[in-house]
$ cat run-v1.txt   # compact mmCIF, C-alpha atoms and all ligand atoms
# COMPACT_ATOMS: atom_id res chain seq x y z
CA MET M 1 152.48 10.86 -38.39
CA SER M 2 152.00 11.37 -34.62
CA ARG M 3 148.63 10.08 -33.40
CA ARG M 4 146.48 13.07 -32.30
CA PHE M 5 145.77 12.82 -28.59
CA VAL M 6 142.01 12.77 -28.20
CA ALA M 7 140.87 14.14 -24.87
CA PRO M 8 139.54 11.25 -22.71
CA THR M 9 136.68 13.32 -21.40
CA LYS M 10 133.51 14.00 -23.42
CA GLU M 11 133.22 17.52 -22.04
CA PRO M 12 134.33 20.18 -22.43
CA ILE M 13 134.98 20.11 -26.14
CA VAL M 14 138.74 20.50 -26.28
CA THR M 15 141.39 18.63 -28.17
CA ARG M 16 144.86 18.40 -26.71
CA PRO M 17 147.39 20.04 -29.03
CA ASP M 18 149.73 17.71 -30.86
CA ARG M 19 152.63 20.17 -30.64
CA ILE M 20 154.17 22.30 -27.90
CA VAL M 21 152.87 25.89 -27.93
CA THR M 22 154.01 28.35 -25.28
CA ILE M 23 151.70 31.17 -24.26
CA GLU M 24 154.15 33.67 -25.73
CA ARG M 25 153.93 31.93 -29.13
CA HIS M 26 150.12 31.79 -28.84
CA VAL M 27 149.91 35.51 -28.04
CA LEU M 28 152.26 36.34 -30.93
CA ASN M 29 150.16 34.22 -33.33
CA MET M 30 147.06 36.13 -32.19
CA GLN M 31 148.87 39.46 -32.69
CA LEU M 32 150.00 38.50 -36.22
CA GLN M 33 146.32 38.20 -37.15
CA HIS M 34 146.09 41.98 -36.54
CA PRO M 35 148.68 43.69 -38.80
CA GLU M 36 147.81 47.05 -37.22
CA ALA M 37 148.81 45.80 -33.75
CA ARG M 38 151.95 47.39 -32.28
CA GLY M 39 152.50 44.62 -29.73
CA ASP M 40 151.48 46.51 -26.58
CA LEU M 41 148.65 44.11 -25.72
CA SER M 42 151.02 41.20 -26.36
CA LYS M 43 153.52 42.67 -23.90
CA LEU M 44 150.76 42.99 -21.30
CA LEU M 45 149.82 39.33 -21.78
CA TYR M 46 153.48 38.27 -21.49
CA ASP M 47 153.59 40.14 -18.17
CA ILE M 48 150.38 38.40 -17.04
CA ALA M 49 152.18 35.10 -17.60
CA LEU M 50 155.25 36.34 -15.70
CA THR M 51 153.12 37.53 -12.77
CA GLY M 52 151.29 34.19 -12.73
CA LYS M 53 154.60 32.31 -12.48
CA LEU M 54 155.86 34.54 -9.66
CA ILE M 55 152.67 34.14 -7.62
CA SER M 56 152.42 30.41 -8.38
CA ARG M 57 155.89 29.91 -6.95
CA GLU M 58 154.93 31.61 -3.67
CA VAL M 59 151.51 29.93 -3.43
CA ASN M 60 153.07 26.52 -3.98
CA LYS M 61 155.59 26.93 -1.20
CA ALA M 62 153.30 28.96 1.09
CA GLY M 63 153.40 26.36 3.84
CA LEU M 64 157.20 26.40 3.93
CA VAL M 65 157.92 30.08 4.27
CA ASP M 66 156.52 32.75 6.50
CA ILE M 67 153.93 33.91 4.01
CA LEU M 68 150.79 32.28 5.36
CA GLY M 69 148.39 34.07 7.62
CA GLU M 70 147.24 37.66 7.78
CA THR M 71 149.10 40.94 7.48
CA GLY M 72 147.00 42.39 10.28
CA THR M 73 145.60 45.02 7.93
CA VAL M 74 142.06 45.35 6.57
CA ASN M 75 141.22 46.33 2.96
CA VAL M 76 138.56 48.65 1.60
CA HIS M 77 136.06 45.79 1.79
CA GLY M 78 136.66 45.29 5.50
CA GLU M 79 138.41 41.99 4.83
CA GLN M 80 141.59 40.76 6.56
CA VAL M 81 144.46 41.07 4.05
CA GLN M 82 146.41 37.83 3.81
CA LYS M 83 150.20 38.00 3.38
CA LEU M 84 149.79 36.30 0.02
CA ASP M 85 147.19 38.88 -1.01
CA GLU M 86 149.79 41.59 -0.44
CA PHE M 87 152.57 39.64 -2.13
CA ALA M 88 150.39 39.07 -5.20
CA ASN M 89 149.25 42.69 -5.18
CA GLN M 90 152.85 43.92 -5.15
CA CYS M 91 153.72 41.45 -7.94
CA PHE M 92 151.06 42.92 -10.21
CA MET M 93 151.87 46.55 -9.37
CA ARG M 94 155.66 46.23 -9.67
CA THR M 95 155.46 44.20 -12.91
CA PHE M 96 152.94 46.38 -14.73
CA GLU M 97 153.92 49.88 -13.62
CA ARG M 98 157.18 49.73 -15.54
CA GLY M 99 156.00 48.09 -18.77
CA GLY M 100 154.90 51.36 -20.39
CA GLN M 101 151.63 49.94 -21.72
CA LEU M 102 149.29 51.18 -18.98
CA CYS M 103 147.94 54.64 -18.14
CA VAL M 104 146.35 53.52 -14.85
CA MET M 105 145.66 50.35 -12.83
CA ALA M 106 143.17 49.28 -10.14
CA SER M 107 143.40 46.47 -7.61
CA GLU M 108 140.95 44.86 -5.22
CA GLU M 109 143.57 45.59 -2.53
CA GLU M 110 143.92 49.33 -3.28
CA ASP M 111 141.17 51.76 -2.29
CA ASP M 112 142.00 54.20 -5.10
CA PRO M 113 143.26 53.97 -8.70
CA ILE M 114 146.97 53.10 -8.91
CA ARG M 115 148.90 55.93 -10.59
CA ILE M 116 151.85 55.05 -12.82
CA PRO M 117 154.97 56.55 -11.16
CA GLU M 118 155.95 59.94 -12.63
CA ASP M 119 159.34 58.70 -13.90
CA LEU M 120 157.78 55.87 -15.91
CA ASP M 121 156.04 55.87 -19.29
CA VAL M 122 152.24 55.66 -19.60
CA GLY M 123 150.50 53.82 -22.41
CA GLY M 124 147.17 53.11 -24.06
CA TYR M 125 145.76 50.36 -21.85
CA VAL M 126 144.12 49.96 -18.45
CA LEU M 127 144.47 46.96 -16.10
CA LEU M 128 142.16 45.94 -13.24
CA PHE M 129 142.93 42.92 -11.11
CA ASP M 130 142.10 40.78 -8.13
CA PRO M 131 145.64 39.74 -7.25
CA LEU M 132 144.64 36.77 -5.14
CA ASP M 133 141.09 35.47 -5.24
CA GLY M 134 139.84 33.05 -2.61
CA SER M 135 142.63 34.01 -0.25
CA SER M 136 140.66 33.21 2.92
CA ASN M 137 141.16 29.58 1.86
CA ILE M 138 144.92 29.73 1.40
CA ASP M 139 145.77 28.41 4.88
CA ALA M 140 143.67 25.33 4.10
CA ASN M 141 145.59 24.68 0.88
CA VAL M 142 142.46 25.26 -1.20
CA SER M 143 142.81 26.45 -4.82
CA VAL M 144 143.12 30.20 -5.24
CA GLY M 145 143.65 32.40 -8.29
CA SER M 146 144.38 35.80 -9.84
CA ILE M 147 141.81 37.56 -12.04
CA TRP M 148 142.60 40.35 -14.52
CA SER M 149 140.82 42.58 -17.01
CA ILE M 150 142.28 44.82 -19.75
CA TYR M 151 140.67 47.78 -21.58
CA ARG M 152 141.91 50.40 -24.01
CA ARG M 153 142.08 53.86 -22.40
CA VAL M 154 139.29 56.32 -23.23
CA THR M 155 141.02 59.57 -22.15
CA PRO M 156 143.32 61.01 -24.84
CA SER M 157 146.69 61.10 -23.06
CA GLY M 158 148.63 61.43 -19.83
CA HIS M 159 147.85 59.55 -16.62
CA GLY M 160 144.61 57.59 -16.72
CA THR M 161 141.60 58.42 -14.57
CA LEU M 162 138.49 56.74 -13.15
CA LYS M 163 136.90 57.36 -16.55
CA ASP M 164 139.40 54.94 -18.08
CA LEU M 165 138.70 52.37 -15.34
CA LEU M 166 134.90 52.50 -15.11
CA GLN M 167 134.15 51.00 -18.51
CA ARG M 168 131.46 48.41 -19.26
CA GLY M 169 132.64 44.80 -19.35
CA CYS M 170 131.72 44.49 -23.02
CA GLU M 171 134.58 46.94 -23.75
CA GLN M 172 137.26 44.58 -22.40
CA VAL M 173 139.95 43.75 -24.98
CA ALA M 174 141.32 40.85 -22.94
CA ALA M 175 140.58 39.12 -19.66
CA GLY M 176 141.38 35.94 -17.83
CA TYR M 177 142.64 34.29 -14.73
CA VAL M 178 145.43 32.18 -13.32
CA ALA M 179 144.25 29.24 -11.21
CA TYR M 180 146.77 28.02 -8.61
CA GLY M 181 145.41 24.51 -8.04
CA SER M 182 146.62 20.94 -8.53
CA SER M 183 148.43 22.54 -11.46
CA THR M 184 148.76 26.22 -12.33
CA MET M 185 146.60 27.14 -15.31
CA LEU M 186 146.34 30.41 -17.20
CA VAL M 187 143.04 30.87 -19.05
CA TYR M 188 142.52 33.91 -21.27
CA SER M 189 140.62 35.41 -24.17
CA THR M 190 141.19 38.40 -26.44
CA GLY M 191 137.74 38.05 -27.96
CA ALA M 192 138.29 35.07 -30.25
CA GLY M 193 137.46 32.19 -27.92
CA VAL M 194 139.08 30.88 -24.73
CA SER M 195 142.43 29.10 -24.47
CA GLY M 196 144.01 27.37 -21.47
CA PHE M 197 147.68 26.91 -20.64
CA THR M 198 149.23 24.70 -17.98
CA LEU M 199 152.45 25.72 -16.25
CA ASP M 200 155.30 23.25 -16.63
CA PRO M 201 157.32 24.23 -13.55
CA GLY M 202 160.26 22.21 -14.83
CA ILE M 203 160.84 24.68 -17.67
CA GLY M 204 158.86 27.64 -16.30
CA GLU M 205 156.60 27.82 -19.34
CA PHE M 206 152.83 27.99 -19.71
CA LEU M 207 152.09 25.40 -22.42
CA LEU M 208 148.88 25.25 -24.46
CA SER M 209 146.80 22.45 -22.94
CA HIS M 210 143.24 23.54 -23.84
CA PRO M 211 143.30 25.20 -27.29
CA ARG M 212 139.62 26.10 -27.35
CA ILE M 213 137.49 25.75 -24.25
CA GLU M 214 133.74 25.67 -24.88
CA ILE M 215 131.29 25.37 -22.00
CA PRO M 216 128.53 22.73 -22.36
CA LYS M 217 125.11 24.29 -23.14
CA LYS M 218 123.67 22.67 -20.02
CA GLY M 219 125.31 21.22 -16.93
CA LYS M 220 124.48 19.10 -13.89
CA ILE M 221 126.25 21.10 -11.16
CA TYR M 222 125.12 24.21 -9.29
CA SER M 223 127.51 26.18 -7.10
CA CYS M 224 126.52 28.66 -4.40
CA ASN M 225 127.05 29.21 -0.69
CA GLU M 226 123.90 27.64 0.77
CA GLY M 227 124.94 28.78 4.22
CA TYR M 228 123.11 31.96 3.28
CA ARG M 229 119.95 30.06 2.27
CA ASN M 230 117.83 31.80 4.93
CA LEU M 231 119.04 35.14 3.57
CA PHE M 232 118.25 34.30 -0.07
CA PHE M 233 115.31 36.08 -1.67
CA ASP M 234 112.38 33.75 -2.32
CA SER M 235 113.08 33.62 -6.09
CA THR M 236 116.63 32.40 -5.45
CA ARG M 237 115.54 29.81 -2.89
CA ARG M 238 112.92 28.46 -5.34
CA PHE M 239 115.53 28.23 -8.11
CA VAL M 240 117.90 26.18 -5.95
CA GLU M 241 115.04 23.95 -4.75
CA TYR M 242 114.03 23.40 -8.39
CA LEU M 243 117.56 22.18 -9.25
CA GLN M 244 117.39 19.86 -6.23
CA GLU M 245 114.11 18.20 -7.35
CA VAL M 246 114.48 14.70 -8.82
CA ASP M 247 113.65 14.62 -12.54
CA PRO M 248 115.55 11.89 -14.46
CA ASP M 249 114.43 13.32 -17.83
CA SER M 250 116.14 16.63 -17.23
CA GLY M 251 119.08 15.27 -15.26
CA ARG M 252 117.92 16.75 -11.94
CA PRO M 253 118.76 16.76 -9.11
CA TYR M 254 121.92 18.70 -9.83
CA SER M 255 125.00 18.08 -7.73
CA GLY M 256 126.07 20.87 -5.40
CA ARG M 257 129.74 21.91 -5.49
CA TYR M 258 131.11 24.99 -3.71
CA ILE M 259 134.80 25.65 -3.13
CA GLY M 260 134.55 29.25 -1.96
CA SER M 261 137.21 30.52 -4.37
CA MET M 262 135.55 32.16 -7.36
CA VAL M 263 138.39 31.24 -9.74
CA ALA M 264 138.13 27.56 -8.75
CA ASP M 265 134.32 27.49 -8.87
CA VAL M 266 134.14 29.29 -12.23
CA HIS M 267 136.96 27.19 -13.73
CA ARG M 268 135.09 24.01 -12.79
CA THR M 269 131.90 25.47 -14.27
CA LEU M 270 133.78 26.37 -17.48
CA MET M 271 135.22 22.87 -17.79
CA TYR M 272 132.19 20.79 -16.75
CA GLY M 273 129.22 23.11 -17.30
CA GLY M 274 126.49 24.11 -14.84
CA ILE M 275 126.06 27.36 -12.94
CA PHE M 276 128.07 29.37 -10.42
CA MET M 277 126.05 31.94 -8.52
CA TYR M 278 126.61 34.52 -5.85
CA PRO M 279 123.12 36.01 -5.56
CA ALA M 280 121.79 39.07 -3.83
CA THR M 281 120.66 38.35 -0.27
CA GLN M 282 118.51 40.25 2.23
CA LYS M 283 121.76 41.16 4.04
CA ALA M 284 123.74 42.02 0.86
CA PRO M 285 121.31 43.20 -1.85
CA SER M 286 124.23 43.68 -4.30
CA GLY M 287 125.76 40.32 -3.50
CA LYS M 288 129.45 40.07 -2.58
CA LEU M 289 131.52 39.78 -5.75
CA ARG M 290 133.02 42.84 -7.35
CA LEU M 291 132.00 43.92 -10.83
CA MET M 292 135.26 45.32 -12.18
CA TYR M 293 137.79 42.60 -11.32
CA GLU M 294 135.69 39.51 -10.63
CA ALA M 295 132.32 39.53 -12.44
CA ASN M 296 133.38 41.32 -15.65
CA PRO M 297 136.56 39.34 -16.45
CA MET M 298 135.05 35.99 -15.47
CA GLY M 299 131.84 36.86 -17.29
CA TYR M 300 133.87 37.73 -20.40
CA ILE M 301 135.59 34.33 -20.31
CA ILE M 302 132.30 32.49 -19.79
CA GLU M 303 130.67 34.35 -22.71
CA GLN M 304 133.69 33.76 -24.96
CA ALA M 305 133.36 30.04 -24.15
CA GLY M 306 129.67 30.08 -25.22
CA GLY M 307 128.04 30.59 -21.81
CA MET M 308 126.13 33.43 -20.14
CA ALA M 309 126.84 35.85 -17.29
CA SER M 310 123.90 37.68 -15.73
CA THR M 311 122.93 39.62 -12.61
CA GLY M 312 119.74 37.51 -12.71
CA LYS M 313 118.05 40.36 -14.52
CA GLU M 314 120.59 41.76 -17.02
CA ARG M 315 123.83 40.90 -18.80
CA ILE M 316 126.79 41.64 -16.51
CA LEU M 317 128.97 42.96 -19.35
CA ASP M 318 126.36 45.60 -20.22
CA LEU M 319 126.42 47.22 -16.76
CA GLN M 320 127.74 50.80 -16.65
CA PRO M 321 130.00 50.87 -13.56
CA THR M 322 129.70 53.80 -11.14
CA GLU M 323 132.24 52.81 -8.48
CA LEU M 324 135.59 50.99 -8.61
CA HIS M 325 134.71 48.40 -5.95
CA GLN M 326 131.01 48.04 -6.57
CA ARG M 327 129.46 44.63 -6.00
CA VAL M 328 127.01 42.78 -8.23
CA PRO M 329 124.85 39.67 -7.89
CA LEU M 330 125.97 37.07 -10.44
CA TYR M 331 124.86 33.89 -12.18
CA MET M 332 127.33 32.54 -14.74
CA GLY M 333 127.87 29.29 -16.63
CA SER M 334 126.00 27.13 -19.13
CA GLU M 335 123.52 29.05 -21.25
CA GLU M 336 120.48 26.90 -20.41
CA ASP M 337 121.21 26.96 -16.67
CA VAL M 338 121.69 30.74 -16.53
CA LYS M 339 118.53 31.29 -18.59
CA LEU M 340 116.65 29.14 -16.07
CA ALA M 341 118.02 31.24 -13.20
CA ILE M 342 116.88 34.41 -15.00
CA GLU M 343 113.35 32.96 -15.37
CA PHE M 344 113.20 32.49 -11.59
CA GLU M 345 114.83 35.83 -10.72
CA THR M 346 112.59 37.82 -13.08
CA GLY M 347 109.39 36.15 -11.89
CA LEU M 348 108.69 34.15 -15.06
CA ARG M 349 108.74 31.00 -12.88
P1 LIG Z 1 138.75 37.42 -2.48
O1 LIG Z 1 139.56 36.37 -1.79
O2 LIG Z 1 139.44 38.01 -3.68
O3 LIG Z 1 138.24 38.47 -1.51
O4 LIG Z 1 137.48 36.71 -3.11
C1 LIG Z 1 136.71 35.90 -2.31
C2 LIG Z 1 135.38 35.70 -2.95
C3 LIG Z 1 135.38 34.66 -4.06
O5 LIG Z 1 136.63 34.11 -4.29
C4 LIG Z 1 134.43 33.60 -3.58
O6 LIG Z 1 133.58 33.18 -4.60
C5 LIG Z 1 133.66 34.28 -2.47
O7 LIG Z 1 134.50 35.28 -1.95
C6 LIG Z 1 133.28 33.35 -1.37
O8 LIG Z 1 132.50 34.10 -0.47
P2 LIG Z 1 131.75 33.34 0.73
O9 LIG Z 1 132.82 32.89 1.67
O10 LIG Z 1 130.84 34.40 1.31
O11 LIG Z 1 130.96 32.20 0.14
MN MN Z 2 138.18 37.71 -5.36
MN MN Z 3 141.28 38.94 -3.72
$ encode --input "run-v1.txt" --output "structure tokens"
Amino acid sequence: MSRRFVAPTKEPIVTRPDRIVTIERHVLNMQLQHPEARGDLSKLLYDIALTGKLISREVNKAGLVDILGETGTVNVHGEQVQKLDEFANQCFMRTFERGGQLCVMASEEEDDPIRIPEDLDVGGYVLLFDPLDGSSNIDANVSVGSIWSIYRRVTPSGHGTLKDLLQRGCEQVAAGYVAYGSSTMLVYSTGAGVSGFTLDPGIGEFLLSHPRIEIPKKGKIYSCNEGYRNLFFDSTRRFVEYLQEVDPDSGRPYSGRYIGSMVADVHRTLMYGGIFMYPATQKAPSGKLRLMYEANPMGYIIEQAGGMASTGKERILDLQPTELHQRVPLYMGSEEDVKLAIEFETGLR
């Protein structure tokens, strides 16, 4: 009887699997729990894994080929588009347009909805994605990631429209991210908890490494860009100062950790607990991060792992979107830490 490998760390509460499970087998097992499923969502998740492998390969050799640096173009957000941004964007679009499961897509790097080419089949799902998150860090070899969000279509047939894209985050049927860091990890949920897979580049398979990720109820790390401290609203500044006060009973002060790649900062928060925040500031009253392909998918994962995701005043997944690239202030992570942030941001403290 093989000895079960007990995770050396106390948190998060995961147990390493004692048998090899590929992501394809995991997805199929999830599908088999739904006899009515036709396999379309499974095919989408297989293609997420394929896209993650393709992008991981380029990210991990970025310094060796002419794919670092900027394309010289600017996206809808006024940001310099990195060559890897465009490579990852093309990877997503080329992989998913021909699968036949989608009626429309949307990307951080495309101003408008992405129409499925006329000669290809459309399907019953919708995909929104941030093809490469944290890309301004890529030249410094800092962890980056891809974020994705899947909904069922709401229009009856034909090519999808904005109506199919602008759904509330609570309607997501699957979401997740691929983190290109010291290893490449794919983390996803279809609404029954969060599972993590680590890419074994030797065999090109994502293997189940974190069967059930649960975020600690309270953490000891806060994560925000304090360079904007003088632009924070008073409530936000007081919250951060509160976390920095020494209080041995409550485990304060918290440690500050900020990588500047949302996928890396949220993944650390998911694994260790604490709070990741990108608040509203006097210069950017809606914050910086985008609702549809950053806040909603990452908020879905955090909630599925037992945490909370808030604007500081309301649940992110309840927001009714009005624009494809709209921004939203966000506080996400351990339940007790996000609740504390809400107390400060709503004036209760
Ligand atoms: P992207 O590279 O997709 O544009 O996302 C960058 C985002 C996010 O990854 C990160 O949390 C945030 O930008 C960092 O912003 P600041 O540099 O303003 O802190
Ligand atoms: Mn991003
Ligand atoms: Mn991006």
$ residues_near_ligand --input "run-v1.txt" --ligand "ligand MN 2 (chain Z)" --cutoff "8 Å" --atoms "all atoms listed in the file" --output "VMD selection string"
chain M and resid 108 130 to 135 146 to 147 261 to 263 289 to 290 293 to 294
$ closest_residue --input "run-v1.txt" --among "M:Arg94, M:Arg252, M:Arg115, M:Lys83" --to "ligand LIG 1 (chain Z)" --atoms "only C-alpha atoms and all ligand atoms"
M:Lys83
$ residues_around --input "run-v1.txt" --residues "M:Phe239" --least-positions-apart "6" --cutoff "10 Å" --atoms "only C-alpha atoms" --output "number ranges by chain"
M: 340-345, 349
$ closest_residue --input "run-v1.txt" --among "M:Ala37, M:Val104, M:Ala295, M:Ile203" --to "ligand LIG 1 (chain Z)" --atoms "all atoms listed in the file"
M:Ala295
$ residues_near_point --input "run-v1.txt" --point "(129.7, 30.1, -24.6)" --cutoff "12 Å" --atoms "all atoms listed in the file" --output "short mmCIF file (atom, residue, chain, number, x, y, z; two decimals) with C-alpha atoms, in the coordinates of the input"
data_model
loop_
_atom_site.label_atom_id
_atom_site.label_comp_id
_atom_site.auth_asym_id
_atom_site.auth_seq_id
_atom_site.Cartn_x
_atom_site.Cartn_y
_atom_site.Cartn_z
CA PRO M 12 134.33 20.18 -22.43
CA ILE M 13 134.98 20.11 -26.14
CA GLY M 191 137.74 38.05 -27.96
CA ALA M 192 138.29 35.07 -30.25
CA GLY M 193 137.46 32.19 -27.92
CA VAL M 194 139.08 30.88 -24.73
CA ARG M 212 139.62 26.10 -27.35
CA ILE M 213 137.49 25.75 -24.25
CA GLU M 214 133.74 25.67 -24.88
CA ILE M 215 131.29 25.37 -22.00
CA PRO M 216 128.53 22.73 -22.36
CA LYS M 217 125.11 24.29 -23.14
CA LYS M 218 123.67 22.67 -20.02
CA THR M 269 131.90 25.47 -14.27
CA LEU M 270 133.78 26.37 -17.48
CA MET M 271 135.22 22.87 -17.79
CA GLY M 273 129.22 23.11 -17.30
CA GLY M 274 126.49 24.11 -14.84
CA GLY M 299 131.84 36.86 -17.29
CA TYR M 300 133.87 37.73 -20.40
CA ILE M 301 135.59 34.33 -20.31
CA ILE M 302 132.30 32.49 -19.79
CA GLU M 303 130.67 34.35 -22.71
CA GLN M 304 133.69 33.76 -24.96
CA ALA M 305 133.36 30.04 -24.15
CA GLY M 306 129.67 30.08 -25.22
CA GLY M 307 128.04 30.59 -21.81
CA MET M 308 126.13 33.43 -20.14
CA ALA M 309 126.84 35.85 -17.29
CA MET M 332 127.33 32.54 -14.74
CA GLY M 333 127.87 29.29 -16.63
CA SER M 334 126.00 27.13 -19.13
CA GLU M 335 123.52 29.05 -21.25
CA GLU M 336 120.48 26.90 -20.41
CA VAL M 338 121.69 30.74 -16.53
#
$ axis_aligned_box --input "run-v1.txt" --around "stretch 80-89 of chain M" --padding-each-side "4 Å" --output "AutoDock Vina command-line options"
--center_x 147.1 --center_y 39.5 --center_z 0.7 --size_x 19.0 --size_y 14.4 --size_z 19.8
$ residues_around --input "run-v1.txt" --residues "M:Gln80" --least-positions-apart "5" --cutoff "10 Å" --atoms "all atoms listed in the file" --output "compact mmCIF listing (two decimals) with C-alpha atoms, in the frame of the given file"
# COMPACT_ATOMS: atom_id res chain seq x y z
CA GLY M 69 148.39 34.07 7.62
CA GLU M 70 147.24 37.66 7.78
CA THR M 71 149.10 40.94 7.48
CA GLY M 72 147.00 42.39 10.28
CA THR M 73 145.60 45.02 7.93
CA VAL M 74 142.06 45.35 6.57
CA ASN M 75 141.22 46.33 2.96
CA ASP M 85 147.19 38.88 -1.01
CA SER M 135 142.63 34.01 -0.25
CA SER M 136 140.66 33.21 2.92
$ atom_distance --input "run-v1.txt" --atom1 "atom CA of M:Gly169" --atom2 "atom CA of M:Gly145"
19.9 Å
$ residues_around --input "run-v1.txt" --residues "M:Ser149" --least-positions-apart "4" --cutoff "7 Å" --atoms "all atoms listed in the file" --output "ChimeraX atom specification"
/M:127-129,172,174-176,293,297
$ residues_around --input "run-v1.txt" --residues "M:Glu97" --least-positions-apart "3" --cutoff "12 Å" --atoms "all atoms listed in the file" --output "count of residues only"
28
